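Coordinates from coords-v6.csv are shown below (CSV, C-alpha atoms and all ligand atoms).
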```
chain,number,residue,atom,x,y,z
A,1198,MET,CA,103.0,97.2,141.0
A,1199,ASN,CA,100.3,95.2,142.7
A,1200,ALA,CA,99.2,92.2,140.5
A,1201,GLU,CA,95.5,92.8,140.4
A,1202,VAL,CA,95.9,96.5,139.9
A,1203,LYS,CA,98.3,95.8,137.0
A,1204,ALA,CA,95.9,93.2,135.5
A,1205,GLY,CA,93.1,95.8,135.8
A,1206,PHE,CA,95.0,98.2,133.6
A,1207,ALA,CA,96.5,95.7,131.3
A,1208,SER,CA,93.7,95.8,128.7
A,1209,THR,CA,93.1,99.5,128.9
A,1210,GLY,CA,96.5,101.1,129.4
A,1211,THR,CA,97.2,102.7,126.0
A,1212,HIS,CA,95.7,106.0,125.0
A,1213,GLU,CA,94.9,105.0,121.5
A,1214,ARG,CA,91.9,103.1,122.7
A,1215,ALA,CA,88.4,104.7,122.6
A,1216,ALA,CA,87.6,106.6,125.7
A,1217,ALA,CA,85.6,104.5,128.1
A,1218,CYS,CA,84.5,107.2,130.5
A,1219,ALA,CA,83.9,110.9,130.4
A,1220,LEU,CA,86.4,112.0,133.0
A,1221,SER,CA,89.7,110.8,134.4
A,1222,VAL,CA,91.0,112.5,137.6
A,1223,ILE,CA,94.7,112.0,138.2
A,1224,VAL,CA,96.4,112.4,141.6
A,1225,PRO,CA,100.1,112.0,142.3
A,1226,VAL,CA,100.5,110.6,145.8
A,1227,TYR,CA,103.8,110.6,147.7
A,1228,ASN,CA,103.7,110.0,151.4
A,1229,GLU,CA,100.3,111.5,151.9
A,1230,GLU,CA,98.7,108.8,154.1
A,1231,GLU,CA,96.8,111.2,156.3
A,1232,SER,CA,95.4,113.1,153.4
A,1233,VAL,CA,94.3,110.1,151.3
A,1234,PRO,CA,91.0,109.3,153.1
A,1235,HIS,CA,90.0,113.0,153.2
A,1236,LEU,CA,91.0,113.5,149.6
A,1237,CYS,CA,89.1,110.5,148.2
A,1238,ALA,CA,86.0,111.4,150.2
A,1239,ARG,CA,86.1,114.9,148.9
A,1240,LEU,CA,86.8,113.9,145.4
A,1241,PHE,CA,84.1,111.2,145.3
A,1242,ALA,CA,81.5,113.6,146.8
A,1243,THR,CA,82.3,116.1,143.9
A,1244,LEU,CA,82.6,113.5,141.1
A,1245,ASP,CA,79.5,111.5,142.1
A,1246,SER,CA,77.4,114.7,141.9
A,1247,LEU,CA,78.6,115.5,138.4
A,1248,GLY,CA,76.5,112.8,136.8
A,1249,LYS,CA,79.3,111.8,134.4
A,1250,THR,CA,81.1,108.5,134.2
A,1251,PHE,CA,84.5,108.9,135.8
A,1252,GLU,CA,87.6,107.2,137.1
A,1253,LEU,CA,89.9,108.4,139.8
A,1254,ILE,CA,93.5,107.4,139.1
A,1255,CYS,CA,95.9,107.7,142.1
A,1256,VAL,CA,99.5,107.2,141.3
A,1257,ASP,CA,101.4,106.1,144.3
A,1258,ASP,CA,104.9,107.5,143.7
A,1259,GLY,CA,106.8,105.0,145.8
A,1260,SER,CA,105.4,106.2,149.1
A,1261,ARG,CA,107.2,104.9,152.2
A,1262,ASP,CA,104.3,105.5,154.5
A,1263,GLY,CA,100.8,103.9,154.5
A,1264,SER,CA,99.5,105.8,151.5
A,1265,LEU,CA,99.2,102.7,149.3
A,1266,GLY,CA,97.4,100.7,152.0
A,1267,ALA,CA,95.0,103.6,152.5
A,1268,LEU,CA,94.3,103.8,148.8
A,1269,LYS,CA,93.8,100.0,148.5
A,1270,ALA,CA,91.3,100.1,151.4
A,1271,ILE,CA,89.2,102.6,149.6
A,1272,ALA,CA,89.6,100.9,146.2
A,1273,ALA,CA,88.1,97.7,147.7
A,1274,SER,CA,84.7,99.4,147.8
A,1275,ARG,CA,85.0,102.0,145.0
A,1276,PRO,CA,85.9,100.4,141.7
A,1277,GLU,CA,86.2,103.9,140.2
A,1278,LEU,CA,89.4,104.3,142.2
A,1279,LYS,CA,92.3,102.9,140.2
A,1280,ILE,CA,95.8,102.7,141.6
A,1281,VAL,CA,99.1,102.7,139.9
A,1282,SER,CA,101.9,102.1,142.3
A,1283,PHE,CA,105.6,102.8,141.5
A,1284,ARG,CA,108.4,100.6,142.8
A,1285,ARG,CA,110.3,103.7,143.9
A,1286,ASN,CA,109.9,107.4,144.0
A,1287,CYS,CA,110.1,108.7,140.4
A,1288,GLY,CA,108.8,112.3,141.0
A,1289,GLN,CA,105.6,114.1,140.5
A,1290,THR,CA,105.9,114.5,136.8
A,1291,ALA,CA,106.5,110.8,136.2
A,1292,ALA,CA,103.5,110.0,138.4
A,1293,MET,CA,101.3,112.4,136.4
A,1294,MET,CA,102.7,110.9,133.1
A,1295,ALA,CA,101.8,107.4,134.3
A,1296,GLY,CA,98.3,108.6,135.2
A,1297,ILE,CA,97.8,110.1,131.8
A,1298,ASP,CA,99.1,106.9,130.1
A,1299,HIS,CA,96.5,104.9,132.0
A,1300,ALA,CA,93.6,107.4,131.7
A,1301,ARG,CA,90.7,106.5,129.5
A,1302,GLY,CA,88.6,109.6,129.9
A,1303,ASP,CA,87.8,112.2,127.3
A,1304,ILE,CA,88.7,114.9,129.8
A,1305,ILE,CA,91.7,114.6,132.2
A,1306,VAL,CA,91.9,116.6,135.4
A,1307,THR,CA,95.0,116.6,137.6
A,1308,ILE,CA,95.0,117.6,141.2
A,1309,ASP,CA,97.4,117.4,144.2
A,1310,ALA,CA,96.8,114.8,146.9
A,1311,ASP,CA,97.4,117.1,149.8
A,1312,LEU,CA,94.1,118.9,149.6
A,1313,GLN,CA,95.9,122.2,148.9
A,1314,ASN,CA,93.8,122.3,145.7
A,1315,ASP,CA,90.1,122.2,146.3
A,1316,PRO,CA,88.1,119.3,144.6
A,1317,ASP,CA,85.1,121.7,144.7
A,1318,ASP,CA,86.8,123.7,141.9
A,1319,ILE,CA,86.6,120.8,139.4
A,1320,PRO,CA,83.1,121.5,138.2
A,1321,ALA,CA,84.1,125.1,137.3
A,1322,LEU,CA,87.1,123.9,135.3
A,1323,LEU,CA,84.9,121.5,133.4
A,1324,ALA,CA,82.4,124.2,132.7
A,1325,LYS,CA,85.2,126.3,131.1
A,1326,LEU,CA,86.2,123.3,129.0
A,1327,ASP,CA,82.6,123.1,127.8
A,1328,GLU,CA,82.9,126.7,126.6
A,1329,GLY,CA,85.3,125.4,124.0
A,1330,TYR,CA,88.7,125.6,125.7
A,1331,ASP,CA,91.2,122.7,125.4
A,1332,VAL,CA,93.1,123.4,128.6
A,1333,VAL,CA,91.9,125.1,131.7
A,1334,SER,CA,94.7,125.9,134.2
A,1335,GLY,CA,94.2,126.7,137.8
A,1336,TRP,CA,95.7,129.9,139.2
A,1337,ARG,CA,96.3,129.9,143.0
A,1338,LYS,CA,95.6,133.6,143.2
A,1339,ASP,CA,95.6,133.6,147.0
A,1340,ARG,CA,98.3,131.1,147.5
A,1341,GLN,CA,98.7,129.6,151.0
A,1342,ASP,CA,102.4,128.8,151.2
A,1343,ALA,CA,105.4,130.4,152.8
A,1344,ALA,CA,105.3,134.1,151.7
A,1345,ILE,CA,108.9,134.7,150.5
A,1346,ARG,CA,110.4,131.3,150.1
A,1347,ARG,CA,107.5,129.9,148.0
A,1348,ASN,CA,105.1,132.6,146.9
A,1349,PHE,CA,107.5,135.3,145.9
A,1350,VAL,CA,110.0,133.0,144.3
A,1351,SER,CA,107.3,131.3,142.3
A,1352,ARG,CA,105.9,134.6,141.2
A,1353,VAL,CA,109.2,135.6,139.7
A,1354,ALA,CA,109.7,132.1,138.2
A,1355,ASN,CA,106.2,132.4,136.6
A,1356,ARG,CA,107.1,135.7,135.0
A,1357,VAL,CA,110.3,134.2,133.5
A,1358,ILE,CA,108.4,131.2,132.2
A,1359,SER,CA,105.7,133.4,130.7
A,1360,ARG,CA,108.3,135.6,129.0
A,1361,ILE,CA,110.3,132.7,127.6
A,1362,SER,CA,107.4,130.5,126.5
A,1363,GLY,CA,105.2,133.3,125.1
A,1364,VAL,CA,102.2,131.7,126.8
A,1365,ALA,CA,100.9,134.2,129.4
A,1366,LEU,CA,99.8,132.4,132.6
A,1367,HIS,CA,100.1,133.6,136.2
A,1368,ASP,CA,100.7,130.2,137.7
A,1369,TYR,CA,102.2,127.3,135.9
A,1370,GLY,CA,102.9,125.2,139.0
A,1371,CYS,CA,99.3,124.7,140.1
A,1372,THR,CA,98.5,121.0,139.6
A,1373,LEU,CA,94.8,121.6,139.3
A,1374,LYS,CA,94.2,121.7,135.6
A,1375,ALA,CA,91.8,120.2,133.1
A,1376,TYR,CA,92.6,119.0,129.6
A,1377,ARG,CA,90.8,117.6,126.7
A,1378,ARG,CA,92.5,114.3,126.1
A,1379,ASP,CA,93.5,114.9,122.5
A,1380,VAL,CA,95.7,117.8,123.4
A,1381,ILE,CA,97.9,115.9,125.9
A,1382,LYS,CA,97.8,112.3,124.6
A,1383,ASP,CA,101.1,112.8,122.8
A,1384,VAL,CA,103.1,114.8,125.3
A,1385,ARG,CA,106.0,113.0,127.0
A,1386,LEU,CA,107.0,114.5,130.3
A,1387,TYR,CA,110.4,114.5,132.0
A,1388,GLY,CA,111.9,116.3,135.0
A,1389,GLU,CA,109.6,119.0,136.3
A,1390,MET,CA,107.8,119.4,133.0
A,1391,HIS,CA,104.3,118.6,134.0
A,1392,ARG,CA,103.8,122.3,134.7
A,1393,PHE,CA,104.5,123.0,131.0
A,1394,ILE,CA,101.7,121.0,129.5
A,1395,PRO,CA,99.6,124.1,128.9
A,1396,ILE,CA,102.7,125.6,127.1
A,1397,TYR,CA,103.1,122.6,124.8
A,1398,ALA,CA,99.4,122.6,124.2
A,1399,ALA,CA,99.3,126.3,123.3
A,1400,TRP,CA,102.2,125.8,121.0
A,1401,MET,CA,100.3,123.0,119.3
A,1402,GLY,CA,97.4,125.4,118.8
A,1403,ALA,CA,95.2,124.5,121.8
A,1404,ARG,CA,93.0,127.1,123.4
A,1405,VAL,CA,94.2,127.7,126.9
A,1406,HIS,CA,92.3,129.5,129.7
A,1407,GLU,CA,93.5,130.3,133.2
A,1408,MET,CA,91.0,130.7,136.1
A,1409,PRO,CA,91.5,131.5,139.7
A,1410,VAL,CA,91.1,128.5,142.0
A,1411,ARG,CA,91.0,128.2,145.8
A,1412,HIS,CA,94.2,127.2,147.6
A,1413,HIS,CA,94.5,125.9,151.2
A,1414,ALA,CA,97.4,125.6,153.6
A,1415,ARG,CA,98.7,122.0,153.9
A,1416,LYS,CA,96.9,120.3,156.8
A,1417,PHE,CA,98.8,116.9,156.8
A,1418,GLY,CA,102.3,115.9,156.1
A,1419,LYS,CA,104.8,118.3,154.6
A,1420,SER,CA,105.8,119.7,151.2
A,1421,LYS,CA,108.1,117.5,149.1
A,1422,TYR,CA,110.0,120.4,147.6
A,1423,GLY,CA,112.5,123.1,148.4
A,1424,LEU,CA,114.1,126.0,146.6
A,1425,GLU,CA,116.1,123.8,144.3
A,1426,ARG,CA,113.0,123.2,142.3
A,1427,VAL,CA,113.2,126.7,140.8
A,1428,ALA,CA,116.5,125.9,139.2
A,1429,LYS,CA,115.2,122.6,137.8
A,1430,VAL,CA,112.1,124.3,136.4
A,1431,ILE,CA,114.1,127.0,134.6
A,1432,LEU,CA,116.5,124.4,133.2
A,1433,ASP,CA,113.6,122.3,132.0
A,1434,LEU,CA,112.1,125.3,130.4
A,1435,ILE,CA,115.2,125.8,128.4
A,1436,VAL,CA,115.1,122.2,127.2
A,1437,VAL,CA,111.4,122.5,126.4
A,1438,LYS,CA,112.0,125.7,124.4
A,1439,PHE,CA,115.0,124.2,122.6
A,1440,LEU,CA,113.1,121.0,121.8
A,1441,ASP,CA,110.1,122.9,120.5
A,1442,ARG,CA,112.0,125.3,118.3
A,1443,TYR,CA,115.0,123.4,117.2
A,1444,LEU,CA,114.5,119.7,117.6
A,1445,VAL,CA,114.1,119.4,113.9
A,1446,LYS,CA,117.0,121.6,113.0
A,1447,PRO,CA,119.6,121.7,115.7
A,1448,ILE,CA,122.2,122.9,113.2
A,1449,TYR,CA,120.5,126.3,113.3
A,1450,VAL,CA,121.4,126.7,116.9
A,1451,PHE,CA,124.9,125.2,116.9
A,1452,GLY,CA,125.7,126.4,113.4
A,1453,GLY,CA,124.4,129.9,114.2
A,1454,PHE,CA,126.6,130.1,117.2
A,1455,GLY,CA,129.5,128.6,115.2
A,1456,LEU,CA,129.1,131.1,112.4
A,1457,ILE,CA,129.0,134.1,114.9
A,1458,SER,CA,132.2,132.7,116.5
A,1459,LEU,CA,134.0,132.4,113.2
A,1460,ALA,CA,132.9,135.9,112.2
A,1461,ILE,CA,134.4,137.2,115.5
A,1462,SER,CA,137.6,135.3,114.7
A,1463,GLY,CA,137.7,136.9,111.2
A,1464,LEU,CA,137.1,140.4,112.5
A,1465,THR,CA,139.8,139.9,115.1
A,1466,CYS,CA,142.3,139.0,112.3
A,1467,LEU,CA,141.3,142.1,110.4
A,1468,LEU,CA,141.8,144.2,113.5
A,1469,MET,CA,145.3,142.8,113.9
A,1470,VAL,CA,146.2,143.7,110.4
A,1471,TRP,CA,144.7,147.2,110.8
A,1472,LEU,CA,146.6,147.8,114.0
A,1473,LYS,CA,149.8,146.7,112.4
A,1474,LEU,CA,149.4,148.9,109.2
A,1475,VAL,CA,147.8,152.0,110.7
A,1476,ASP,CA,149.2,152.2,114.3
A,1477,SER,CA,152.2,149.9,113.8
A,1478,ILE,CA,151.2,147.8,116.8
A,1479,SER,CA,152.4,144.2,116.5
A,1480,MET,CA,149.7,141.6,117.3
A,1481,VAL,CA,152.1,140.0,119.8
A,1482,GLN,CA,151.6,143.0,122.0
A,1483,THR,CA,147.9,142.4,122.1
A,1484,PRO,CA,145.6,139.6,123.3
A,1485,LEU,CA,144.0,139.5,119.8
A,1486,PRO,CA,145.8,136.3,118.5
A,1487,ILE,CA,144.5,134.3,121.4
A,1488,LEU,CA,141.0,135.7,120.9
A,1489,ALA,CA,141.2,134.9,117.1
A,1490,ALA,CA,142.4,131.3,117.7
A,1491,MET,CA,139.8,130.6,120.4
A,1492,THR,CA,136.8,131.9,118.5
A,1493,PHE,CA,138.0,130.1,115.4
A,1494,LEU,CA,138.2,126.8,117.3
A,1495,VAL,CA,134.9,127.3,119.1
A,1496,GLY,CA,133.3,128.2,115.7
A,1497,VAL,CA,134.6,125.0,114.0
A,1498,LEU,CA,133.7,122.8,116.9
A,1499,SER,CA,130.1,124.2,117.1
A,1500,LEU,CA,129.6,123.6,113.5
A,1501,LEU,CA,130.8,120.0,113.9
A,1502,MET,CA,128.5,119.6,117.0
A,1503,GLY,CA,125.6,120.9,114.9
A,1504,ILE,CA,126.2,118.3,112.3
A,1505,LEU,CA,126.4,115.6,114.9
A,1506,ALA,CA,123.2,116.8,116.5
A,1507,GLU,CA,121.5,116.6,113.1
A,1508,MET,CA,122.6,113.0,112.7
A,1509,ILE,CA,121.2,112.2,116.2
A,1510,VAL,CA,117.9,113.9,115.5
A,1511,ARG,CA,117.5,112.0,112.3
A,1512,THR,CA,118.1,108.7,114.0
A,1513,TYR,CA,115.7,109.8,116.7
A,1514,PHE,CA,112.9,110.5,114.3
A,1515,GLU,CA,113.4,107.6,112.1
A,1516,SER,CA,114.0,104.9,114.7
A,1517,SER,CA,111.0,105.9,116.8
A,1518,GLY,CA,108.7,106.4,113.8
A,1519,ARG,CA,108.0,110.0,115.0
A,1520,ARG,CA,107.0,112.8,112.7
A,1521,SER,CA,108.3,116.3,112.7
A,1522,TYR,CA,104.7,117.7,112.5
A,1523,SER,CA,101.5,117.3,114.4
A,1524,VAL,CA,98.2,116.9,112.5
A,1525,ARG,CA,95.0,118.2,114.0
A,1526,GLU,CA,92.7,116.5,111.5
A,1527,THR,CA,92.6,115.3,108.0
A,1528,VAL,CA,89.7,115.4,105.5
A,1529,ASN,CA,88.7,112.7,103.0
A,1530,PHE,CA,91.6,110.3,103.9
A,1531,ARG,CA,89.1,107.6,104.9
A,1532,ASP,CA,90.9,104.5,103.7
A,1533,ARG,CA,94.1,105.3,105.7
B,1601,LIG,N1,104.4,114.3,144.8
B,1601,LIG,C1,104.7,113.1,144.1
B,1601,LIG,N2,106.0,112.7,144.0
B,1601,LIG,C2,107.0,113.5,144.5
B,1601,LIG,C3,106.7,114.7,145.1
B,1601,LIG,C4,105.4,115.1,145.3
B,1601,LIG,O1,103.8,112.4,143.6
B,1601,LIG,O2,108.2,113.1,144.4
B,1601,LIG,C5,103.0,114.7,144.9
B,1601,LIG,C6,102.5,115.0,146.3
B,1601,LIG,O3,102.1,113.9,147.0
B,1601,LIG,C7,101.4,116.0,146.1
B,1601,LIG,C8,101.9,116.8,144.8
B,1601,LIG,O4,102.8,115.9,144.2
B,1601,LIG,O5,100.2,115.4,145.8
B,1601,LIG,C9,102.5,118.1,145.1
B,1601,LIG,O6,103.5,118.0,146.1
B,1601,LIG,P1,103.7,119.0,147.3
B,1601,LIG,O7,102.4,119.3,147.9
B,1601,LIG,O8,104.8,118.5,148.1
B,1601,LIG,O9,104.2,120.3,146.5
B,1601,LIG,P2,103.8,121.8,146.9
B,1601,LIG,O10,102.3,121.9,147.0
B,1601,LIG,O11,104.5,122.1,148.2
B,1601,LIG,O12,104.4,122.6,145.7
B,1602,MG,MG,101.1,120.8,148.1
```
Could I get this structure in the form of structure tokens?
Ligand code: UDP
Ligand code: MG
Amino acid sequence: MNAEVKAGFASTGTHERAAACALSVIVPVYNEEESVPHLCARLFATLDSLGKTFELICVDDGSRDGSLGALKAIAASRPELKIVSFRRNCGQTAAMMAGIDHARGDIIVTIDADLQNDPDDIPALLAKLDEGYDVVSGWRKDRQDAAIRRNFVSRVANRVISRISGVALHDYGCTLKAYRRDVIKDVRLYGEMHRFIPIYAAWMGARVHEMPVRHHARKFGKSKYGLERVAKVILDLIVVKFLDRYLVKPIYVFGGFGLISLAISGLTCLLMVWLKLVDSISMVQTPLPILAAMTFLVGVLSLLMGILAEMIVRTYFESSGRRSYSVRETVNFRDR
């Protein structure tokens, strides 16, 4: 990280501090040197016209082209442009997480660097937030990417995510989203999870709205992703779901599975006795003994793993001072 950029953030980095501006716009940038000047010009045109205090945080995700230089050139004359530069490529989610960690605005807007999202949509998102929503998520209704390989696959993936998460959006992957700071200040993002922020927020009781936004074909550079992202997204979703429901009580998952397995083992033993007594079939003639032994072992091991997981979870909560609940507000606790 560049020294003066780092120094600029050093006193303001943590999100516990009072907000110092109305709006933080966060842009993950990875090898987008041609887009950067257009992007900043478009964003500044929109943001200047809003009449709010704002900051534009560009997170250079270890670009190997001239993106960082292009950003610095603009930052020299626009102090609202702040740059966080990674040593190496850490991924879009990490870039957005760093942006959120450094943001000081009451409202946080995320947008792609490649101008596929339209900066002109930002005022509409903010207007929706003003109506009382905590999260407004863009929906690339008329998506301008490869028809089958991107659009169709993502439509199916979005259905799956919607079903598993219970939060009905059409388009989780759209980066253009606006949040009230308090609903995302505590989220920690890993892997491909930035797209699940609305899900986290909804689970925490936030009001989430989805609105159609414009989407353009990529003009410069190329997409950083291929099909493998779908698998990553689905795996991340399983983790998110698991962490949400069972982080506090992993024994319910492991133990539940273990008990089912032990029950199958018991039933198999009964079946063996039944076959012997009623049909005079010896258990050695059937595969049942193997089934009974395997399910018994799996059952016992799952229970033990559940207990181990419980111990890990306790260490996790106690060592990091985390709580297993999330408080929206308290009343009359003034002296705390
Ligand atoms: N990006 C990033 N780090 C990465 C990959 C992508 O910061 O490792 C940024 C990229 O510069 C762009 C946004 O994430 O601003 C979305 O990437 P891309 O346009 O390649 O994704 P697509 O629109 O094809 O889904
Ligand atoms: Mg893109």
Residues within 12 Å of ligand MG 1602 (chain B) (all atoms listed in the file), as number ranges by chain?
A: 1224-1229, 1232, 1289, 1308-1315, 1337, 1340-1343, 1347, 1370-1373, 1412-1423
At what distance in Å, to one decimal, does CA of Ser1282 in chain A lie from CA of Gly1266 in chain A?
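A separation of 10.8 Å between them.
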* CA of Leu1444 in chain A and CA of Val1306 in chain A, how far apart in Å? ->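 Those two atoms sit 28.9 Å apart.
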| said: Using all atoms listed in the file, can you tell me which of A:Ala1273, A:Leu1253, A:Ala1267, A:Leu1464 comes closest to His1299 in chain A? | reply: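 Checking each candidate against His1299 in chain A, we get A:Leu1253 as the closest.
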What is the distance, in Å and to one decimal place, between CA of Glu1389 in chain A and atom O12 of ligand LIG 1601 (chain B)?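 So the answer is 11.3 Å.
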Next item on the list: Identify the residues around (79.7, 105.9, 130.5) within a radius of 9 Å, measuring from only C-alpha atoms in the coordinates stated by the file, and give them as a list in words.
Entry: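 Residues lying no farther than 9 Å from the given point: Ala1217, Cys1218, Ala1219, Lys1249, Thr1250 and Phe1251 of chain A.
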Restricting to all atoms listed in the file, whichever of A:Leu1500, A:Ala1292, A:Ile1280, A:Leu1432 is closest to ligand LIG 1601 (chain B) is A:Ala1292
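Minimum atom-to-atom distances from A:Arg1378, A:Ala1272, A:Ser1499, A:Met1469 to Gln1482 in chain A were compared using all atoms listed in the file, and the lowest value belongs to A:Met1469.
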One residue among A:Thr1307, A:Thr1290, A:Ser1458, A:Thr1243 is nearest to Cys1255 in chain A when using only C-alpha atoms, and that residue is A:Thr1307
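Among the candidate residues A:Val1445, A:Cys1466, A:Cys1237, A:Ile1504, the one lying nearest to Ala1489 in chain A is A:Cys1466, with distances computed using only C-alpha atoms.
For the residues A:Gly1388, A:Gly1248, A:Pro1320, A:Gly1363, ranking by smallest atom-to-atom distance to ligand LIG 1601 (chain B) using all atoms listed in the file places A:Gly1388 first.
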Given 8 Å on each side, where is the centre and what are the edge lengths in Å to one decimal of the axis-aligned box enclosing the listed atoms of ligand LIG 1601 (chain B), as lines of an AutoDock Vina configuration file?
```
center_x = 104.2
center_y = 117.5
center_z = 145.9
size_x = 24.0
size_y = 26.2
size_z = 20.6
```
Ala1291 in chain A: which residues within 10 Å, counting all atoms listed in the file, same-chain residues fewer than 5 positions away excluded, as number ranges by chain? A: 1225, 1256, 1258, 1283, 1286, 1296-1297, 1385-1391
